[in-house]
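What follows is the content of final_33.json (JSON, C-alpha atoms and all ligand atoms).
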[["chain", "number", "residue", "atom", "x", "y", "z"],
["A", 115, "MET", "CA", 20.67, -12.12, 4.60],
["A", 116, "THR", "CA", 18.92, -8.82, 5.27],
["A", 117, "ARG", "CA", 15.25, -8.89, 4.31],
["A", 118, "HIS", "CA", 14.03, -5.83, 2.43],
["A", 119, "PHE", "CA", 10.43, -5.14, 1.45],
["A", 120, "LEU", "CA", 10.61, -2.95, -1.63],
["A", 121, "ASP", "CA", 7.95, -4.89, -3.48],
["A", 122, "LEU", "CA", 5.60, -7.74, -2.60],
["A", 123, "SER", "CA", 7.76, -10.23, -4.52],
["A", 124, "ASP", "CA", 10.56, -9.69, -2.01],
["A", 125, "ALA", "CA", 8.39, -11.64, 0.41],
["A", 126, "GLY", "CA", 6.44, -13.91, -1.96],
["A", 127, "GLY", "CA", 2.99, -15.42, -1.66],
["A", 128, "ASP", "CA", 3.61, -17.70, 1.33],
["A", 129, "ALA", "CA", 5.13, -14.90, 3.41],
["A", 130, "ILE", "CA", 2.29, -12.54, 2.49],
["A", 131, "ALA", "CA", -0.23, -15.17, 3.56],
["A", 132, "ALA", "CA", 1.70, -15.53, 6.82],
["A", 133, "MET", "CA", 1.67, -11.74, 7.30],
["A", 134, "ILE", "CA", -2.08, -11.58, 6.80],
["A", 135, "ALA", "CA", -2.69, -14.47, 9.21],
["A", 136, "ASP", "CA", -0.42, -12.83, 11.79],
["A", 137, "ALA", "CA", -2.20, -9.50, 11.35],
["A", 138, "ILE", "CA", -5.61, -11.13, 11.90],
["A", 139, "ASP", "CA", -4.40, -12.86, 15.08],
["A", 140, "ARG", "CA", -2.64, -9.83, 16.54],
["A", 141, "LYS", "CA", -5.56, -7.52, 15.73],
["A", 142, "ALA", "CA", -7.98, -9.86, 17.52],
["A", 143, "ALA", "CA", -5.67, -10.25, 20.51],
["A", 144, "ARG", "CA", -5.63, -6.50, 21.23],
["A", 145, "ALA", "CA", -9.19, -5.68, 20.17],
["A", 146, "ASP", "CA", -10.13, -3.82, 23.36],
["A", 147, "TYR", "CA", -6.73, -2.28, 24.14],
["A", 148, "PRO", "CA", -6.11, 1.48, 24.01],
["A", 149, "LYS", "CA", -4.34, 2.12, 20.72],
["A", 150, "GLY", "CA", -0.98, 3.00, 22.23],
["A", 151, "ARG", "CA", -0.77, -0.02, 24.55],
["A", 152, "THR", "CA", 1.95, -2.51, 23.75],
["A", 153, "ASP", "CA", 0.96, -6.01, 22.65],
["A", 154, "ASP", "CA", 1.41, -8.54, 25.46],
["A", 155, "ASP", "CA", 4.41, -10.23, 23.83],
["A", 156, "ALA", "CA", 6.10, -6.96, 22.72],
["A", 157, "PRO", "CA", 8.01, -8.75, 19.95],
["A", 158, "LEU", "CA", 9.97, -5.68, 18.80],
["A", 159, "ALA", "CA", 10.92, -4.42, 22.26],
["A", 160, "GLY", "CA", 14.07, -2.35, 22.00],
["A", 161, "HIS", "CA", 13.79, -1.93, 18.21],
["A", 162, "VAL", "CA", 13.74, 1.43, 16.45],
["A", 163, "LEU", "CA", 12.40, 2.20, 12.97],
["A", 164, "ALA", "CA", 13.59, 5.32, 11.10],
["A", 165, "MET", "CA", 11.06, 6.71, 8.62],
["A", 166, "ILE", "CA", 12.29, 8.92, 5.79],
["A", 167, "PHE", "CA", 9.67, 11.02, 4.02],
["A", 168, "GLU", "CA", 10.30, 12.80, 0.74],
["A", 169, "LYS", "CA", 6.54, 13.03, 0.17],
["A", 170, "ASN", "CA", 3.57, 13.83, 2.38],
["A", 171, "SER", "CA", 1.85, 11.15, 4.43],
["A", 172, "THR", "CA", -0.82, 10.71, 7.07],
["A", 173, "ARG", "CA", -1.66, 6.98, 7.14],
["A", 174, "THR", "CA", 1.80, 5.59, 6.42],
["A", 175, "ARG", "CA", 3.45, 7.84, 8.97],
["A", 176, "VAL", "CA", 0.98, 7.30, 11.80],
["A", 177, "SER", "CA", 0.41, 3.60, 11.14],
["A", 178, "PHE", "CA", 4.14, 2.75, 11.12],
["A", 179, "ASP", "CA", 4.60, 4.77, 14.31],
["A", 180, "MET", "CA", 1.67, 3.05, 16.01],
["A", 181, "ALA", "CA", 2.76, -0.34, 14.67],
["A", 182, "MET", "CA", 6.18, 0.08, 16.29],
["A", 183, "ARG", "CA", 4.62, 1.23, 19.57],
["A", 184, "GLN", "CA", 2.24, -1.71, 19.66],
["A", 185, "LEU", "CA", 5.09, -4.12, 18.93],
["A", 186, "GLY", "CA", 7.04, -2.65, 21.85],
["A", 187, "GLY", "CA", 9.51, -0.59, 19.79],
["A", 188, "THR", "CA", 9.71, 3.03, 18.73],
["A", 189, "ALA", "CA", 9.87, 5.01, 15.51],
["A", 190, "LEU", "CA", 11.45, 8.28, 14.50],
["A", 191, "VAL", "CA", 10.48, 10.46, 11.57],
["A", 192, "MET", "CA", 13.04, 12.07, 9.28],
["A", 193, "ASP", "CA", 11.61, 14.74, 7.05],
["A", 194, "ALA", "CA", 14.13, 14.34, 4.25],
["A", 195, "ALA", "CA", 14.24, 18.06, 3.47],
["A", 196, "SER", "CA", 15.45, 18.91, 6.97],
["A", 197, "THR", "CA", 18.12, 16.19, 7.06],
["A", 198, "GLN", "CA", 21.48, 16.13, 5.33],
["A", 199, "LEU", "CA", 19.82, 14.10, 2.56],
["A", 200, "GLY", "CA", 18.10, 17.35, 1.68],
["A", 201, "ARG", "CA", 21.54, 18.99, 1.32],
["A", 202, "GLY", "CA", 22.89, 16.29, -0.94],
["A", 203, "GLU", "CA", 24.36, 13.65, 1.37],
["A", 204, "SER", "CA", 24.26, 10.42, -0.56],
["A", 205, "ILE", "CA", 21.64, 7.76, -0.03],
["A", 206, "ALA", "CA", 24.46, 5.23, 0.28],
["A", 207, "ASP", "CA", 26.10, 7.07, 3.20],
["A", 208, "THR", "CA", 22.73, 7.74, 4.81],
["A", 209, "ALA", "CA", 21.93, 4.02, 4.59],
["A", 210, "ARG", "CA", 25.24, 3.08, 6.20],
["A", 211, "VAL", "CA", 24.86, 5.61, 9.01],
["A", 212, "LEU", "CA", 21.26, 4.69, 9.78],
["A", 213, "SER", "CA", 22.19, 1.01, 9.76],
["A", 214, "ARG", "CA", 24.52, 1.72, 12.71],
["A", 215, "MET", "CA", 21.79, 3.60, 14.58],
["A", 216, "VAL", "CA", 18.42, 1.94, 14.00],
["A", 217, "ASP", "CA", 17.03, -1.54, 13.37],
["A", 218, "ALA", "CA", 14.97, -0.87, 10.23],
["A", 219, "ILE", "CA", 14.33, 1.92, 7.72],
["A", 220, "MET", "CA", 11.12, 2.89, 5.93],
["A", 221, "ILE", "CA", 11.42, 5.25, 2.99],
["A", 222, "ARG", "CA", 8.73, 7.13, 1.05],
["A", 223, "THR", "CA", 10.22, 8.73, -2.01],
["A", 224, "ASP", "CA", 9.66, 9.47, -5.68],
["A", 225, "ASP", "CA", 12.08, 7.47, -7.79],
["A", 226, "HIS", "CA", 12.02, 3.78, -6.84],
["A", 227, "SER", "CA", 15.75, 3.56, -7.52],
["A", 228, "LYS", "CA", 16.31, 5.63, -4.37],
["A", 229, "ALA", "CA", 14.65, 2.94, -2.26],
["A", 230, "GLU", "CA", 16.72, 0.31, -4.07],
["A", 231, "GLU", "CA", 19.88, 2.31, -3.43],
["A", 232, "MET", "CA", 19.00, 2.57, 0.26],
["A", 233, "ALA", "CA", 18.48, -1.20, 0.41],
["A", 234, "ALA", "CA", 21.71, -1.89, -1.48],
["A", 235, "HIS", "CA", 23.75, -0.03, 1.14],
["A", 236, "ALA", "CA", 21.78, -0.73, 4.32],
["A", 237, "SER", "CA", 22.60, -3.65, 6.58],
["A", 238, "VAL", "CA", 19.16, -3.36, 8.21],
["A", 239, "PRO", "CA", 15.82, -3.97, 6.45],
["A", 240, "VAL", "CA", 14.48, -1.25, 4.15],
["A", 241, "ILE", "CA", 10.71, -1.00, 3.61],
["A", 242, "ASN", "CA", 9.07, 0.82, 0.69],
["A", 243, "GLY", "CA", 6.50, 3.21, 2.15],
["A", 244, "LEU", "CA", 5.49, 4.27, -1.42],
["A", 245, "THR", "CA", 7.47, 5.18, -4.47],
["A", 246, "ASP", "CA", 6.37, 6.31, -7.91],
["A", 247, "ARG", "CA", 6.55, 2.64, -8.90],
["A", 248, "SER", "CA", 4.69, 0.81, -6.13],
["A", 249, "HIS", "CA", 3.03, 0.80, -2.70],
["A", 250, "PRO", "CA", 3.38, -2.73, -1.31],
["A", 251, "CYS", "CA", 2.49, -2.00, 2.35],
["A", 252, "GLN", "CA", -0.86, -0.60, 1.22],
["A", 253, "ILE", "CA", -1.70, -3.80, -0.57],
["A", 254, "VAL", "CA", -0.99, -6.04, 2.43],
["A", 255, "ALA", "CA", -3.58, -3.92, 4.28],
["A", 256, "ASP", "CA", -5.97, -4.14, 1.33],
["A", 257, "LEU", "CA", -5.74, -7.94, 1.17],
["A", 258, "LEU", "CA", -6.31, -8.13, 4.92],
["A", 259, "THR", "CA", -9.41, -5.95, 4.50],
["A", 260, "VAL", "CA", -10.77, -8.10, 1.67],
["A", 261, "ILE", "CA", -10.34, -11.26, 3.76],
["A", 262, "GLU", "CA", -11.95, -9.65, 6.80],
["A", 263, "HIS", "CA", -14.95, -8.90, 4.61],
["A", 264, "GLY", "CA", -15.39, -12.62, 3.99],
["A", 265, "LYS", "CA", -13.78, -12.90, 0.56],
["A", 266, "ALA", "CA", -11.14, -15.50, -0.31],
["A", 267, "LEU", "CA", -8.22, -14.32, -2.44],
["A", 268, "PRO", "CA", -7.90, -17.19, -4.96],
["A", 269, "GLY", "CA", -10.23, -16.47, -7.85],
["A", 270, "LEU", "CA", -11.28, -13.06, -6.49],
["A", 271, "GLU", "CA", -12.31, -10.58, -9.21],
["A", 272, "VAL", "CA", -10.77, -7.18, -8.48],
["A", 273, "ALA", "CA", -11.74, -4.21, -10.63],
["A", 274, "TRP", "CA", -9.47, -1.20, -10.68],
["A", 275, "VAL", "CA", -11.12, 1.88, -12.15],
["A", 276, "GLY", "CA", -9.15, 5.08, -12.78],
["A", 277, "ASP", "CA", -5.47, 5.90, -13.15],
["A", 278, "GLY", "CA", -3.01, 3.07, -13.84],
["A", 279, "ASN", "CA", -0.70, 4.11, -11.01],
["A", 280, "ASN", "CA", 1.70, 2.82, -8.34],
["A", 281, "VAL", "CA", -1.08, 1.33, -6.20],
["A", 282, "LEU", "CA", -2.44, -0.63, -9.16],
["A", 283, "SER", "CA", 1.07, -1.93, -9.84],
["A", 284, "SER", "CA", 1.22, -3.47, -6.37],
["A", 285, "ILE", "CA", -2.30, -4.90, -6.76],
["A", 286, "LEU", "CA", -1.16, -6.57, -9.98],
["A", 287, "GLU", "CA", 1.91, -7.95, -8.26],
["A", 288, "ALA", "CA", -0.31, -9.31, -5.48],
["A", 289, "ALA", "CA", -2.65, -10.88, -8.04],
["A", 290, "GLY", "CA", 0.15, -13.06, -9.39],
["A", 291, "LEU", "CA", 1.31, -14.02, -5.90],
["A", 292, "MET", "CA", -2.11, -14.65, -4.31],
["A", 293, "LYS", "CA", -3.92, -15.95, -7.43],
["A", 294, "PHE", "CA", -6.69, -13.43, -7.97],
["A", 295, "ASN", "CA", -7.74, -11.65, -11.16],
["A", 296, "VAL", "CA", -7.62, -7.97, -12.04],
["A", 297, "ARG", "CA", -9.69, -6.00, -14.53],
["A", 298, "ALA", "CA", -8.15, -2.58, -14.97],
["A", 299, "GLY", "CA", -10.43, 0.07, -16.46],
["A", 300, "THR", "CA", -8.35, 3.11, -17.32],
["A", 301, "PRO", "CA", -8.45, 5.85, -19.94],
["A", 302, "GLU", "CA", -6.28, 5.33, -22.99],
["A", 303, "GLY", "CA", -2.77, 6.44, -22.18],
["A", 304, "TYR", "CA", -3.16, 5.73, -18.43],
["A", 305, "GLU", "CA", -2.94, 1.94, -18.56],
["A", 306, "PRO", "CA", -1.05, 0.03, -15.85],
["A", 307, "ASP", "CA", 2.70, -0.46, -15.91],
["A", 308, "ALA", "CA", 3.28, -3.24, -18.47],
["A", 309, "GLU", "CA", 5.97, -4.82, -16.29],
["A", 310, "PHE", "CA", 3.45, -5.43, -13.50],
["A", 311, "VAL", "CA", 0.86, -6.78, -15.94],
["A", 312, "ARG", "CA", 3.47, -9.32, -17.06],
["A", 313, "ILE", "CA", 4.35, -10.18, -13.44],
["A", 314, "ALA", "CA", 0.67, -10.82, -12.64],
["A", 315, "GLN", "CA", 0.18, -12.97, -15.72],
["A", 316, "ALA", "CA", 3.38, -14.91, -15.08],
["A", 317, "GLY", "CA", 1.97, -15.72, -11.63],
["A", 318, "GLY", "CA", -1.20, -17.12, -13.19],
["A", 319, "ALA", "CA", -3.55, -14.16, -12.72],
["A", 320, "THR", "CA", -5.98, -13.21, -15.45],
["A", 321, "VAL", "CA", -5.48, -9.52, -16.23],
["A", 322, "THR", "CA", -7.99, -7.70, -18.39],
["A", 323, "LEU", "CA", -7.18, -4.23, -19.64],
["A", 324, "THR", "CA", -10.07, -2.11, -20.85],
["A", 325, "ASN", "CA", -10.85, 1.52, -21.57],
["A", 326, "ASP", "CA", -14.46, 0.90, -20.45],
["A", 327, "ALA", "CA", -15.12, 1.44, -16.74],
["A", 328, "ALA", "CA", -18.36, -0.60, -16.75],
["A", 329, "GLU", "CA", -16.63, -3.57, -18.35],
["A", 330, "ALA", "CA", -13.99, -3.49, -15.62],
["A", 331, "ALA", "CA", -16.62, -3.31, -12.87],
["A", 332, "ARG", "CA", -18.90, -6.07, -14.20],
["A", 333, "ASN", "CA", -19.40, -8.84, -11.58],
["A", 334, "ALA", "CA", -16.44, -7.63, -9.54],
["A", 335, "ASP", "CA", -16.00, -8.68, -5.90],
["A", 336, "VAL", "CA", -13.95, -5.57, -5.13],
["A", 337, "ILE", "CA", -13.88, -2.16, -6.82],
["A", 338, "VAL", "CA", -10.75, -0.13, -6.15],
["A", 339, "THR", "CA", -9.71, 3.33, -7.16],
["A", 340, "ASP", "CA", -7.24, 6.00, -6.12],
["A", 341, "THR", "CA", -6.57, 9.66, -6.72],
["A", 342, "TRP", "CA", -6.42, 10.70, -10.36],
["A", 343, "VAL", "CA", -3.31, 12.77, -9.65],
["A", 344, "SER", "CA", -0.61, 11.09, -7.60],
["A", 345, "MET", "CA", 1.98, 12.96, -5.58],
["A", 346, "GLY", "CA", 4.58, 14.46, -7.85],
["A", 347, "GLN", "CA", 2.18, 14.57, -10.82],
["A", 348, "GLU", "CA", 0.52, 17.85, -9.86],
["A", 349, "HIS", "CA", 1.23, 19.39, -13.27],
["A", 350, "ALA", "CA", -0.29, 16.62, -15.40],
["A", 351, "VAL", "CA", -2.13, 18.39, -18.20],
["A", 352, "GLY", "CA", -5.54, 17.19, -19.44],
["A", 353, "LYS", "CA", -5.61, 14.25, -17.11],
["A", 354, "LEU", "CA", -8.75, 15.10, -15.17],
["A", 355, "ALA", "CA", -10.86, 15.30, -18.33],
["A", 356, "ALA", "CA", -9.61, 11.90, -19.47],
["A", 357, "MET", "CA", -10.41, 10.44, -16.06],
["A", 358, "ALA", "CA", -13.97, 11.77, -15.79],
["A", 359, "PRO", "CA", -15.67, 8.65, -17.28],
["A", 360, "PHE", "CA", -13.77, 6.53, -14.74],
["A", 361, "GLN", "CA", -15.42, 7.91, -11.61],
["A", 362, "VAL", "CA", -16.63, 5.25, -9.16],
["A", 363, "ASN", "CA", -20.26, 6.27, -8.69],
["A", 364, "GLU", "CA", -23.49, 4.49, -7.80],
["A", 365, "ALA", "CA", -24.15, 3.50, -11.44],
["A", 366, "LEU", "CA", -20.71, 1.93, -11.75],
["A", 367, "MET", "CA", -21.04, 0.06, -8.43],
["A", 368, "ALA", "CA", -24.30, -1.43, -9.75],
["A", 369, "HIS", "CA", -22.24, -3.39, -12.30],
["A", 370, "ALA", "CA", -20.36, -5.19, -9.51],
["A", 371, "LYS", "CA", -21.65, -8.10, -7.44],
["A", 372, "PRO", "CA", -24.27, -6.97, -4.89],
["A", 373, "ASP", "CA", -21.91, -7.77, -2.00],
["A", 374, "ALA", "CA", -18.89, -6.09, -3.63],
["A", 375, "ILE", "CA", -16.80, -3.81, -1.44],
["A", 376, "PHE", "CA", -15.23, -0.50, -2.37],
["A", 377, "LEU", "CA", -11.59, 0.23, -1.49],
["A", 378, "HIS", "CA", -9.49, 3.40, -1.74],
["A", 379, "CYS", "CA", -6.06, 3.80, -0.16],
["A", 380, "LEU", "CA", -6.89, 7.46, 0.68],
["A", 381, "PRO", "CA", -6.62, 10.40, 0.61],
["A", 382, "ALA", "CA", -9.82, 10.61, -1.49],
["A", 383, "HIS", "CA", -11.14, 13.42, -3.65],
["A", 384, "LEU", "CA", -14.90, 13.19, -3.46],
["A", 385, "GLY", "CA", -16.60, 14.15, -6.69],
["A", 386, "ASP", "CA", -13.52, 13.16, -8.70],
["A", 387, "GLU", "CA", -12.48, 9.52, -8.54],
["A", 388, "VAL", "CA", -15.39, 8.57, -6.24],
["A", 389, "THR", "CA", -18.75, 10.07, -5.34],
["A", 390, "GLU", "CA", -19.59, 10.86, -1.75],
["A", 391, "GLY", "CA", -22.49, 8.39, -2.06],
["A", 392, "VAL", "CA", -20.18, 5.44, -2.78],
["A", 393, "PHE", "CA", -17.51, 6.60, -0.33],
["A", 394, "GLU", "CA", -20.04, 6.77, 2.52],
["A", 395, "SER", "CA", -22.05, 3.70, 1.48],
["A", 396, "ALA", "CA", -22.32, 0.41, 3.37],
["A", 397, "GLN", "CA", -20.17, -1.16, 0.63],
["A", 398, "SER", "CA", -17.27, 1.18, 1.39],
["A", 399, "ALA", "CA", -14.53, -0.42, 3.50],
["A", 400, "VAL", "CA", -12.11, 2.48, 3.27],
["A", 401, "PHE", "CA", -11.76, 3.16, 6.99],
["A", 402, "ASP", "CA", -11.26, -0.53, 7.81],
["A", 403, "GLU", "CA", -8.61, -0.41, 5.08],
["A", 404, "ALA", "CA", -6.95, 2.62, 6.67],
["A", 405, "GLU", "CA", -6.95, 1.05, 10.15],
["A", 406, "ASN", "CA", -5.54, -2.13, 8.69],
["A", 407, "ARG", "CA", -2.39, -0.27, 7.68],
["A", 408, "ILE", "CA", -1.34, -0.61, 11.34],
["A", 409, "HIS", "CA", -2.08, -4.32, 11.56],
["A", 410, "ALA", "CA", -0.57, -5.13, 8.17],
["A", 411, "GLN", "CA", 2.59, -3.15, 8.81],
["A", 412, "LYS", "CA", 3.14, -4.85, 12.15],
["A", 413, "SER", "CA", 3.39, -8.07, 10.17],
["A", 414, "VAL", "CA", 5.62, -6.51, 7.52],
["A", 415, "LEU", "CA", 7.93, -5.30, 10.29],
["A", 416, "ARG", "CA", 7.95, -8.72, 11.94],
["A", 417, "TRP", "CA", 8.69, -10.34, 8.58],
["A", 418, "VAL", "CA", 11.63, -8.10, 7.65],
["A", 419, "LEU", "CA", 13.06, -8.62, 11.14],
["A", 420, "GLY", "CA", 12.87, -12.39, 10.77],
["A", 421, "GLN", "CA", 10.00, -13.05, 13.15],
["A", 422, "LEU", "CA", 7.65, -14.51, 10.49],
["A", 501, "LIG", "N1", -2.64, 5.43, 1.73],
["A", 501, "LIG", "C1", -1.54, 6.10, 2.10],
["A", 501, "LIG", "O1", -0.41, 5.67, 1.89],
["A", 501, "LIG", "O2", -1.82, 7.26, 2.77],
["A", 501, "LIG", "P1", -0.77, 8.38, 3.20],
["A", 501, "LIG", "O3", -0.29, 9.05, 1.95],
["A", 501, "LIG", "O4", -1.55, 9.31, 4.09],
["A", 501, "LIG", "O5", 0.38, 7.73, 3.92],
["A", 502, "LIG", "N1", -1.18, 7.00, -5.91],
["A", 502, "LIG", "C1", -1.10, 7.89, -4.77],
["A", 502, "LIG", "C2", -1.20, 7.10, -3.49],
["A", 502, "LIG", "C3", -1.19, 7.94, -2.26],
["A", 502, "LIG", "C4", -1.23, 7.13, -1.01],
["A", 502, "LIG", "C5", 0.20, 8.67, -4.83],
["A", 502, "LIG", "O1", 1.23, 8.12, -5.21],
["A", 502, "LIG", "O2", 0.15, 9.87, -4.54]]
Transcribe the structure of this file into structure tokens.
Amino acid sequence: MTRHFLDLSDAGGDAIAAMIADAIDRKAARADYPKGRTDDDAPLAGHVLAMIFEKNSTRTRVSFDMAMRQLGGTALVMDAASTQLGRGESIADTARVLSRMVDAIMIRTDDHSKAEEMAAHASVPVINGLTDRSHPCQIVADLLTVIEHGKALPGLEVAWVGDGNNVLSSILEAAGLMKFNVRAGTPEGYEPDAEFVRIAQAGGATVTLTNDAAEAARNADVIVTDTWVSMGQEHAVGKLAAMAPFQVNEALMAHAKPDAIFLHCLPAHLGDEVTEGVFESAQSAVFDEAENRIHAQKSVLRWVLGQL
């Protein structure tokens, strides 16, 4: 059966643990290599990934491309607007055509149902490179970063402060699978997706929802935030004012454990969701997190292609 990776649950906790372990090993094995050099075992030699973008991207685009290069394969980018998709060719036909031409597909789009439609009609793996609903690849990189910083996942206290968005949804999904707890501090009206809260709780995670940023941050091991205005939401009215008390600043970080780390999937908006002081502080792991997109996605690619 074709393995898709539209959400973390498609893989499950054991596979995610295996991806993280694989990422740690492969990252160590090529520590002093130039970034474009192929890993010694080149496990995806001869494989091609097609990447479809209906939204902007820096990290997802470059990290998937570099991941494929390092695994011995190649990637090609399809800017959806300049393909026939942009002229109305169906996702179903696009999926069937690409399945005859490439070995895997990554799609970044708005409506999650488009990624599901692609997966329903593709005979090769489809990977969610971000939708309005979720961002699973980001969270594999985030978990890898947390572990690299010496923190175990079971029992970890993760505080999300800001907008209850697609990235938070995938963190909640991970919490249920990997057994950590989430305290989400959001303004009223911007709480996390209730479906993902239920998924986390069903997996055994403790989820605390609060409209008080300090309460969310108290004794946290990890503080995470993201942009207050996600792609496609540019016209949200009144949102920035509601978000202002949810800025991650030095005073908020002081509520967390002294060795807490700060994560942000990037791109960041300094002075909005995070201050420059926190972003540039020793507690900030945001550039490790960004680099880890490559290492995490190599493992996602190996998993969907049946190598993990
Ligand atoms: N974090 C993330 O997905 O970044 P890009 O939008 O640059 O891909
Ligand atoms: N929540 C953000 C993440 C960007 C990587 C967005 O969807 O725009």
Show me a table, sorted first by chain and then by increasing residue number, of the residues of chain A having an atom at most 6 Å from ligand LIG 502 (chain A), each with its shortest atom pair and the distance in Å to one decimal, counting all atoms listed in the file and written as JSON lines.
{"residue": "A:Asn279", "atom": "CA", "partner": "A:LIG502", "partner_atom": "N1", "distance": 5.9}
{"residue": "A:Asn280", "atom": "CA", "partner": "A:LIG502", "partner_atom": "N1", "distance": 5.6}
{"residue": "A:Val281", "atom": "CA", "partner": "A:LIG502", "partner_atom": "N1", "distance": 5.7}
{"residue": "A:Ser344", "atom": "CA", "partner": "A:LIG502", "partner_atom": "O2", "distance": 3.4}
{"residue": "A:Met345", "atom": "CA", "partner": "A:LIG502", "partner_atom": "O2", "distance": 3.7}
{"residue": "A:Cys379", "atom": "CA", "partner": "A:LIG502", "partner_atom": "C4", "distance": 5.9}
{"residue": "A:Leu380", "atom": "CA", "partner": "A:LIG502", "partner_atom": "C4", "distance": 5.9}
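Computed from the coordinates, the CA of Thr322 (chain A) to CA of Phe294 (chain A) distance equals 12.0 Å.
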Put the listed atoms of ligand LIG 501 (chain A) in a box along x, y and z with 4 Å added on every side and give me the centre and edge lengths in Å to one decimal, as JSON.
{"center_x": -1.1, "center_y": 7.4, "center_z": 2.9, "size_x": 11.0, "size_y": 11.9, "size_z": 10.4}
Can I get the residues close to ligand LIG 501 (chain A) as a PDB file with C-alpha atoms, in the coordinates of the input, where close means within 7 Å and we count only C-alpha atoms and all ligand atoms?
ATOM      1  CA  ASN A 170       3.570  13.830   2.380  1.00  0.00           C
ATOM      2  CA  SER A 171       1.850  11.150   4.430  1.00  0.00           C
ATOM      3  CA  THR A 172      -0.820  10.710   7.070  1.00  0.00           C
ATOM      4  CA  ARG A 173      -1.660   6.980   7.140  1.00  0.00           C
ATOM      5  CA  THR A 174       1.800   5.590   6.420  1.00  0.00           C
ATOM      6  CA  ARG A 175       3.450   7.840   8.970  1.00  0.00           C
ATOM      7  CA  LEU A 244       5.490   4.270  -1.420  1.00  0.00           C
ATOM      8  CA  GLN A 252      -0.860  -0.600   1.220  1.00  0.00           C
ATOM      9  CA  CYS A 379      -6.060   3.800  -0.160  1.00  0.00           C
ATOM     10  CA  LEU A 380      -6.890   7.460   0.680  1.00  0.00           C
ATOM     11  CA  PRO A 381      -6.620  10.400   0.610  1.00  0.00           C
TER      12      PRO A 381
END
Write out as a Markdown table a residue-level contact list of region 248-315 of chain A versus region 386-408 of chain A with cut-off 8 Å: for each qualifying residue the closest pair of atoms and the distance in Å to one decimal, counting all atoms listed in the file, rows sorted by chain and residue number upward.
| residue | atom | partner | partner_atom | distance |
| --- | --- | --- | --- | --- |
| A:Cys251 | CA | A:Arg407 | CA | 7.4 |
| A:Gln252 | CA | A:Arg407 | CA | 6.6 |
| A:Val254 | CA | A:Arg407 | CA | 7.9 |
| A:Ala255 | CA | A:Arg407 | CA | 5.1 |
| A:Asp256 | CA | A:Glu403 | CA | 5.9 |
| A:Leu258 | CA | A:Asn406 | CA | 7.1 |
| A:Thr259 | CA | A:Glu403 | CA | 5.6 |
| A:Gly276 | CA | A:Glu387 | CA | 7.0 |
### Task
Fewer than 3 positions away in the same chain doesn't count, so skip those; otherwise give me all residues within 6 Å of Ser283 (chain A), counting all atoms listed in the file, as a ChimeraX atom specification.
/A:248,280,286,310
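With distances restricted to only C-alpha atoms, A:Leu120 is the closest residue to Ile219 (chain A) from A:Leu120, A:Met357, A:Ala125, A:Val296.
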### Task
Give me the residues within 9 Å of region 183-187 of chain A as JSON, numbers by chain, counting only C-alpha atoms and dropping any in the same chain fewer than 3 places off.
{"A": [149, 150, 151, 152, 153, 154, 155, 156, 157, 158, 159, 160, 161, 162, 163, 178, 179, 180, 412, 416]}
### Task
Report the distance between CA of Leu291 (chain A) and CA of Ala129 (chain A) in Å, rounded to one decimal place.
10.1 Å
### Query
What gap, in Å, lies between CA of Met165 (chain A) and CA of Thr208 (chain A)?
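Between CA of Met165 (chain A) and CA of Thr208 (chain A) the gap works out to 12.3 Å.
Checking A:Asp207, A:Asp335, A:Glu348, A:Asp246 one by one against Ala374 (chain A), counting all atoms listed in the file, you find the shortest gap at A:Asp335.
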### Message
With all atoms listed in the file as the counted atoms, please give the residues lying no more than 6 Å from Ala331 (chain A), apart from itself and same-chain residues fewer than 6 positions off, as a list in words.
### Response
Ala273, His369 and Ala370 of chain A
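By chain and then residue number, the residues within 6 Å of Val336 (chain A) are Val272, Ala374, Ile375 and Phe376 of chain A, counting only C-alpha atoms and disregarding those fewer than 3 positions away in sequence.
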What would the file look like if the residues just selected were written as a PDB file, in the coordinates of the input with C-alpha atoms?
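Saved the output as again-v5.pdb:
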ATOM      1  CA  VAL A 272     -10.770  -7.180  -8.480  1.00  0.00           C
ATOM      2  CA  ALA A 374     -18.890  -6.090  -3.630  1.00  0.00           C
ATOM      3  CA  ILE A 375     -16.800  -3.810  -1.440  1.00  0.00           C
ATOM      4  CA  PHE A 376     -15.230  -0.500  -2.370  1.00  0.00           C
TER       5      PHE A 376
END
#### Entry: region 192-195 of chain A surroundings by all atoms listed in the file, 12 Å radius, close-in-sequence under 2 positions cut, as a VMD selection string
chain A and resid 163 to 171 175 189 to 190 197 to 205 208 212 219 to 224
### Query
Which is closest to Val240 (chain A) among A:Val338, A:Val414, A:Leu366, A:Ile313, if we use only C-alpha atoms?
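Using only C-alpha atoms, the shortest distance to Val240 (chain A) belongs to A:Val414.
Using only C-alpha atoms, the nearest neighbour of Met367 (chain A) within the list A:Ile337, A:His118, A:Met133, A:Ser284 is A:Ile337.
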